[in-house]
Amino acid sequence: NPTHYSRNVGFWHFAFCGAAPAMAAVITNPLDVARVRMQLNGEGGAGGAYKNTFDCIRKVYAAEGVAGVQRGLTTAFYREAIQNVPRLGLNQPLLSLFRDLLGTPAWEKDTFAARMVSGAICGAAGGFVSNPAEIVKARIQSGRADYSGPVHGTLQIVRKEGFATLFAGVNASLIRCSIGTTANLVSNGYAKEYLRDLPWYKEKTVDLQLQGMKD
């Protein structure tokens, strides 16, 4: 049974696409802080202060506490949400649109090319709209900027450096996010279809539905 994607997606579809990755930021933010600190480590010929990722997290925690390892968490929430609304949310409508344009029969699965193009478009859109938040987040996590949050950071950058600064490095963001999103969405789509075609999956789904009806 091919997966059918509907363009008739509403508010909650996009809301959950943004909210779910944003919640994951609580776990990933300390690693992100360590990444930024380590990338800036040794600038200007200074000796390296961190041996590895976990050494960096340990030292940041020792010096700055929980606030240090979770520096920029609010901005990380914002960045993940604004990036993943289009990155994840547009995939289903785009695949449905491509089915219509290509005249794909209802019983056939989405073509590999359609999945690849949809993933690339979704990734590029996510990378573009989240670039300002990425810049604000990196500056906060580096400890070099004292922004109170994403809005304050964005306004400060625009006021002092100009609007164009918010899109510095956007080309790299587009490429990175397009490649990553294409790999994620295409592999996820094929994996879901494979699992749904397995007999045990279908039987378990039916069993759960019957159990629900009994309850």
# chains A, B, ... in the order shown; residues from 1 in each chain; ligands from 1
$ residues_around --residues "A:Ile179" --least-positions-apart "5" --cutoff "12 Å" --atoms "only C-alpha atoms" --output "count of residues only"
18
$ closest_atom_pairs --of "stretch 127-152 of chain A" --to "stretch 26-35 of chain A" --cutoff "10 Å" --atoms "only C-alpha atoms" --output "Markdown table"
| residue | atom | partner | partner_atom | distance |
| --- | --- | --- | --- | --- |
| A:Lys137 | CA | A:Val33 | CA | 9.3 |
| A:Ala138 | CA | A:Val33 | CA | 8.1 |
| A:Ile140 | CA | A:Val33 | CA | 9.0 |
| A:Gln141 | CA | A:Val33 | CA | 5.3 |
| A:Ser142 | CA | A:Val33 | CA | 7.1 |
| A:Gly143 | CA | A:Val33 | CA | 9.4 |
$ select_by_dssp --residues "stretch 38-176 of chain A" --states "alpha helix (DSSP H)" --output "ChimeraX atom specification"
/A:38-40,53-64,66-69,73-89,91-102,112-129,131-142,150-161,170-176
$ closest_residue --among "A:Pro105, A:Gly189, A:Thr181, A:Thr75" --to "A:Gly149" --atoms "only C-alpha atoms"
A:Thr75
$ closest_residue --among "A:Gly48, A:Ala183, A:Gly68, A:Cys17" --to "A:Phe112" --atoms "only C-alpha atoms"
A:Ala183
$ atom_distance --atom1 "atom CA of A:Leu94" --atom2 "atom CA of A:Arg115"
9.0 Å
$ atom_distance --atom1 "atom CA of A:Ala49" --atom2 "atom CA of A:Ile135"
23.4 Å
$ residues_around --residues "A:Gln83" --least-positions-apart "3" --cutoff "8 Å" --atoms "only C-alpha atoms" --output "compact mmCIF listing (two decimals) with all heavy atoms, in the first residue's frame"
# COMPACT_ATOMS: atom_id res chain seq x y z
N GLY A 18 7.31 21.69 14.36
CA GLY A 18 8.22 22.62 15.01
C GLY A 18 8.44 22.31 16.47
O GLY A 18 9.56 22.43 16.98
N ARG A 79 15.23 28.39 17.26
CA ARG A 79 15.91 27.97 16.03
C ARG A 79 15.37 26.64 15.53
O ARG A 79 15.08 26.47 14.34
CB ARG A 79 17.41 27.89 16.28
CG ARG A 79 18.22 27.47 15.06
CD ARG A 79 18.62 26.02 15.19
NE ARG A 79 19.53 25.61 14.14
CZ ARG A 79 19.90 24.37 13.95
NH1 ARG A 79 19.43 23.40 14.72
NH2 ARG A 79 20.73 24.06 12.98
N GLU A 80 15.20 25.66 16.45
CA GLU A 80 14.70 24.35 16.04
C GLU A 80 13.27 24.44 15.52
O GLU A 80 12.92 23.80 14.53
CB GLU A 80 14.77 23.38 17.23
CG GLU A 80 16.16 22.97 17.63
CD GLU A 80 16.85 22.15 16.56
OE1 GLU A 80 16.17 21.45 15.79
OE2 GLU A 80 18.09 22.22 16.48
N PRO A 86 9.16 24.39 8.26
CA PRO A 86 9.21 24.10 6.81
C PRO A 86 9.99 22.83 6.49
O PRO A 86 9.65 22.11 5.56
CB PRO A 86 9.91 25.34 6.23
CG PRO A 86 10.76 25.85 7.34
CD PRO A 86 9.99 25.57 8.60
N ARG A 87 11.03 22.51 7.27
CA ARG A 87 11.89 21.37 6.96
C ARG A 87 11.13 20.05 7.02
O ARG A 87 11.31 19.17 6.17
CB ARG A 87 13.07 21.33 7.93
CG ARG A 87 14.17 20.37 7.52
CD ARG A 87 15.33 20.45 8.48
NE ARG A 87 15.09 19.64 9.66
CZ ARG A 87 15.43 18.35 9.77
NH1 ARG A 87 16.02 17.73 8.78
NH2 ARG A 87 15.18 17.70 10.88
N ALA A 125 14.63 25.50 2.62
CA ALA A 125 13.70 26.44 3.26
C ALA A 125 14.00 26.55 4.75
O ALA A 125 14.05 27.65 5.31
CB ALA A 125 12.26 25.98 3.05
N GLY A 126 14.24 25.40 5.40
CA GLY A 126 14.55 25.41 6.83
C GLY A 126 15.86 26.11 7.13
O GLY A 126 15.96 26.89 8.09
N GLY A 127 16.87 25.86 6.30
CA GLY A 127 18.17 26.48 6.50
C GLY A 127 18.12 27.99 6.32
O GLY A 127 18.79 28.74 7.03
N VAL A 129 15.34 30.15 6.64
CA VAL A 129 14.57 30.90 7.64
C VAL A 129 15.21 30.84 9.03
O VAL A 129 14.98 31.72 9.86
CB VAL A 129 13.12 30.39 7.73
CG1 VAL A 129 12.41 30.57 6.40
CG2 VAL A 129 13.06 28.95 8.18
N SER A 130 16.04 29.81 9.27
CA SER A 130 16.64 29.67 10.61
C SER A 130 18.03 30.28 10.71
O SER A 130 18.62 30.29 11.80
CB SER A 130 16.72 28.19 11.00
OG SER A 130 17.62 27.49 10.15
$ atom_distance --atom1 "atom CA of A:Ala19" --atom2 "atom CA of A:Gly169"
25.5 Å
$ closest_residue --among "A:Ala114, A:Ala133, A:Arg58, A:Ile82" --to "A:Leu97" --atoms "only C-alpha atoms"
A:Ala114
$ closest_residue --among "A:Leu195, A:Leu102, A:Ile57, A:Ala15" --to "A:Arg71" --atoms "only C-alpha atoms"
A:Ile57
$ closest_atom_pairs --of "stretch 36-118 of chain A" --to "stretch 150-158 of chain A" --cutoff "10 Å" --atoms "only C-alpha atoms" --output "CSV"
residue,atom,partner,partner_atom,distance
A:Gly72,CA,A:Pro150,CA,8.6
A:Leu73,CA,A:Pro150,CA,9.9
A:Thr74,CA,A:Pro150,CA,7.3
A:Thr75,CA,A:Pro150,CA,5.0
A:Ala76,CA,A:Pro150,CA,8.7
A:Phe77,CA,A:Pro150,CA,9.5
A:Tyr78,CA,A:Pro150,CA,7.2
A:Arg79,CA,A:Pro150,CA,8.5
$ write_last_selection --atoms "C-alpha atoms" --output "mmCIF file, in the first residue's frame"
data_model
loop_
_atom_site.group_PDB
_atom_site.id
_atom_site.type_symbol
_atom_site.label_atom_id
_atom_site.label_comp_id
_atom_site.auth_asym_id
_atom_site.auth_seq_id
_atom_site.Cartn_x
_atom_site.Cartn_y
_atom_site.Cartn_z
ATOM 1 C CA GLY A 72 21.241 29.915 24.592
ATOM 2 C CA LEU A 73 18.526 27.310 25.269
ATOM 3 C CA THR A 74 15.684 29.742 24.515
ATOM 4 C CA THR A 75 17.299 30.619 21.217
ATOM 5 C CA ALA A 76 17.870 26.915 20.510
ATOM 6 C CA PHE A 77 14.127 26.296 21.023
ATOM 7 C CA TYR A 78 13.345 29.110 18.609
ATOM 8 C CA ARG A 79 15.907 27.970 16.026
#
$ closest_residue --among "A:Ala67, A:Arg144, A:Phe16, A:Asn131" --to "A:Arg37" --atoms "only C-alpha atoms"
A:Arg144
